[in-house]
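Enquirer: Pasting a structure below so you can have a look.
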Amino acid sequence: MSTEPGTAAETAAAPLKGRTVLVAGAGSPSGTAVCEALEAAGAKVVAVGRDAARLENTLFRLYDADLRTCDLSDTGEVAALAADMQETYGGIDGLIHLVGGWRAGTGIGSQSEADWDFLETNILRTLRNVSRSFYDQLEASPDGRLAIVSSTAVESPTAAGAGYAAAKAAAEAWVRAIAAGFRSAQSGRKENPEPQRSAAVVFVVKALVDSAQRAAAPDRRFPGYTDVADLAAAVVRLFQQDAAEVNGQRIHLSPEK
């Protein structure tokens, strides 16, 4: 949970000092980039993933991250994690949900149950679990932030990617509902409204790309892809933006073609 800010110089050097931010899906390339950017900005990073060895191997450059293993599709495990965060840190200030995955068919009829189960579990169920368990902590924080990464496929779904686009659309609707909850609990209160301090947003990308992918395909241009470093910068920036302005927004991160 946030602490009192320091001097102007300290704030400029570490704008997120005093904030505790949980990154779900931290072992991925995007998770690694986000965790490193958050720590560089002064935040206490809680990096969550399923595989302890993968977390240690990918996040070894972090100085003081709290590495946690948790099956985010398991309601009980997530509730226990939230209780531990409340006890250990007095709650979290940020939740960055980077759990996902891709499955597609060749058309509507080929959308398999196995693929839908995978997409629903990773994209939607994990989001529902963590957001429900951590909602009160984020709403109570002086500067609570929740963010997910969605896809331009929501705006222009294809028959082959129907399941993926539907799961992402559902996740976006869930985040908008969280934003509405934050608003009604703070600036939208009928009696004694207070300044908006918590916000839930959707970052929208065509796809993400990292340095390893670029090195593996040096002749590929990755048009319209968002570098994980740009996503990480947007996450840090989110904590410095006015909650009332960003709450409920879809923020496009796709570069200009």
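Identifiers in this document derive from the order of the structure tokens: chains are assigned A, B, ..., residues are numbered from 1 separately in each chain, and ligands are numbered from 1 in order of occurrence.
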Near A:Arg103, counting only C-alpha atoms, which residues have an atom at most 8 Å away, once you skip same-chain residues fewer than 3 positions from it, shown as a PyMOL selection string?

Expert: chain A and resi 115-116+118-119+161+163-164

Enquirer: If we count only C-alpha atoms and set the cut-off at 7 Å, which residues sit around stretch 143-156 of chain A, ignoring sequence neighbours fewer than 2 positions away in its own chain? Please answer as a list in words.

Expert: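 The contact residues come out as Asp93, Gly94, Leu95, Ile96, His97, Leu98, Leu138, Glu139, Ser141, Thr158, Ala165, Lys168, Ala169, Arg197, Ser198, Ala199, Ala200, Val201, Val202, Phe203, Val204, Val205, Lys206 and Phe239 of chain A.
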
Enquirer: Measuring between only C-alpha atoms, which one of A:Gln137, A:Ala26, A:Asp66, A:Ala37 shows the shortest distance to A:Gly49?

Expert: A:Ala26

Enquirer: Set the distance at 10 Å and use only C-alpha atoms: which residues neighbour A:Thr226 once local chain neighbours fewer than 3 positions away are removed? I'd like the list as a ChimeraX atom specification.

Expert: /A:204-210,222-223,229-231,252-256

Enquirer: Of the candidates A:Asn122, A:Asn129, A:Asn192, A:Ser211, which one gets nearest to A:Ala167 if we count only C-alpha atoms?

Expert: A:Asn122

Enquirer: Run DSSP on the backbone of this structure and report the residues of stretch 10-132 of chain A it assigns to strand (DSSP E), as a ChimeraX atom specification.

Expert: /A:20-24,44-49,66-69,94-97

Enquirer: Mind the document's chain letters and residue numbers, and return as a PyMOL selection string the residues of stretch 22-134 of chain A that DSSP labels alpha helix (DSSP H).

Expert: chain A and resi 29-40+52-58+75-89+113-119+126-134

Enquirer: Please report the interatomic distance between atom CA of A:Val34 and atom CA of A:Leu22 in Å with one decimal.

Expert: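 Value for the atom CA of A:Val34-atom CA of A:Leu22 distance: 10.4 Å.
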
Enquirer: Find the residue from A:Ala234, A:Ile92, A:Ala244, A:Ile108 that sits nearest to A:Ala180; use only C-alpha atoms when measuring.

Expert: A:Ala244

Enquirer: To one decimal place, how far is atom CA of A:Ala33 from atom CA of A:Gly100 in Å?

Expert: 16.0 Å

Enquirer: Excluding A:Gln186 and any residue of its chain fewer than 3 positions from it, enumerate the residues within 8 Å of it, using only C-alpha atoms, and give them as a short mmCIF file (atom, residue, chain, number, x, y, z; two decimals) with all heavy atoms, in the first residue's frame.

Expert:
```cif
data_model
loop_
_atom_site.label_atom_id
_atom_site.label_comp_id
_atom_site.auth_asym_id
_atom_site.auth_seq_id
_atom_site.Cartn_x
_atom_site.Cartn_y
_atom_site.Cartn_z
N PHE A 182 -15.29 1.15 -9.06
CA PHE A 182 -14.40 2.15 -8.48
C PHE A 182 -15.06 3.54 -8.50
O PHE A 182 -15.00 4.29 -7.52
CB PHE A 182 -13.09 2.22 -9.27
CG PHE A 182 -12.15 1.07 -9.04
CD1 PHE A 182 -11.18 0.75 -10.00
CD2 PHE A 182 -12.20 0.31 -7.89
CE1 PHE A 182 -10.29 -0.30 -9.79
CE2 PHE A 182 -11.33 -0.76 -7.68
CZ PHE A 182 -10.37 -1.06 -8.64
N ARG A 183 -15.69 3.84 -9.64
CA ARG A 183 -16.31 5.17 -9.78
C ARG A 183 -17.45 5.36 -8.77
O ARG A 183 -17.55 6.40 -8.10
CB ARG A 183 -16.83 5.35 -11.20
CG ARG A 183 -17.34 6.75 -11.51
CD ARG A 183 -17.82 6.85 -12.95
NE ARG A 183 -16.75 6.53 -13.90
CZ ARG A 183 -16.70 5.42 -14.63
NH1 ARG A 183 -17.66 4.50 -14.52
NH2 ARG A 183 -15.72 5.20 -15.47
N ARG A 189 -20.14 8.60 -5.78
CA ARG A 189 -20.99 8.39 -4.60
C ARG A 189 -22.06 9.46 -4.50
O ARG A 189 -21.80 10.64 -4.70
CB ARG A 189 -20.14 8.39 -3.33
CG ARG A 189 -19.34 7.12 -3.12
CD ARG A 189 -18.29 7.26 -2.06
NE ARG A 189 -18.79 7.80 -0.81
CZ ARG A 189 -18.04 7.97 0.28
NH1 ARG A 189 -16.75 7.67 0.23
NH2 ARG A 189 -18.56 8.44 1.38
N PRO A 193 -19.21 12.40 -2.05
CA PRO A 193 -18.26 11.88 -3.06
C PRO A 193 -16.85 12.36 -2.76
O PRO A 193 -16.65 13.40 -2.13
CB PRO A 193 -18.79 12.48 -4.37
CG PRO A 193 -19.55 13.69 -3.97
CD PRO A 193 -20.17 13.35 -2.64
N GLU A 194 -15.87 11.59 -3.19
CA GLU A 194 -14.48 11.93 -2.96
C GLU A 194 -13.73 11.83 -4.28
O GLU A 194 -14.22 11.22 -5.23
CB GLU A 194 -13.88 10.99 -1.92
CG GLU A 194 -14.10 9.53 -2.19
CD GLU A 194 -13.77 8.65 -1.00
OE1 GLU A 194 -14.38 8.81 0.07
OE2 GLU A 194 -12.87 7.80 -1.16
N PRO A 195 -12.56 12.43 -4.36
CA PRO A 195 -11.81 12.37 -5.62
C PRO A 195 -11.56 10.93 -6.06
O PRO A 195 -11.28 10.05 -5.23
CB PRO A 195 -10.49 13.09 -5.29
CG PRO A 195 -10.84 13.99 -4.16
CD PRO A 195 -11.87 13.24 -3.35
N GLN A 196 -11.65 10.70 -7.37
CA GLN A 196 -11.38 9.37 -7.90
C GLN A 196 -9.91 9.04 -7.68
O GLN A 196 -9.03 9.79 -8.07
CB GLN A 196 -11.69 9.33 -9.39
CG GLN A 196 -11.67 7.94 -10.00
CD GLN A 196 -12.85 7.10 -9.56
OE1 GLN A 196 -13.95 7.60 -9.39
NE2 GLN A 196 -12.62 5.82 -9.35
N ARG A 197 -9.64 7.89 -7.06
CA ARG A 197 -8.26 7.51 -6.77
C ARG A 197 -7.88 6.16 -7.35
O ARG A 197 -6.70 5.83 -7.44
CB ARG A 197 -8.00 7.51 -5.26
CG ARG A 197 -8.87 6.53 -4.49
CD ARG A 197 -8.57 6.55 -3.00
NE ARG A 197 -9.37 5.54 -2.30
CZ ARG A 197 -10.57 5.75 -1.81
NH1 ARG A 197 -11.12 6.96 -1.91
NH2 ARG A 197 -11.23 4.77 -1.21
#
```

Enquirer: So, with only C-alpha atoms as the atoms that count, which of A:Gly181, A:Pro218, A:Gly42, A:Gly101 lies closest to A:Gly25?

Expert: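 Nearest candidate to A:Gly25 out of A:Gly181, A:Pro218, A:Gly42, A:Gly101: A:Gly101.
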
Enquirer: Quick check, in Å to one decimal: how far apart do atom CA of A:Gly91 and atom CA of A:Phe134 lie?

Expert: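 For atom CA of A:Gly91 relative to atom CA of A:Phe134, the distance reads 8.2 Å.
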
Enquirer: Which one of A:Asn247, A:Thr58, A:Thr20, A:Gln213 sits closest to A:Tyr89 if you count only C-alpha atoms?

Expert: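 Looking only at the distances to A:Tyr89, the closest residue turns out to be A:Thr20.
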
Enquirer: Any idea what's packed within 12 Å of A:Arg61, counting only C-alpha atoms, ignoring anything in its chain fewer than 3 positions away? Could you give it as number ranges by chain?

Expert: A: 32-33, 35-37, 39-40, 55-58, 64-65

Enquirer: From the list A:Arg125, A:Ala53, A:Ala233, A:Arg132, which residue is nearest A:Ala177 when using only C-alpha atoms?

Expert: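 Looking only at the distances to A:Ala177, the closest residue turns out to be A:Arg132.
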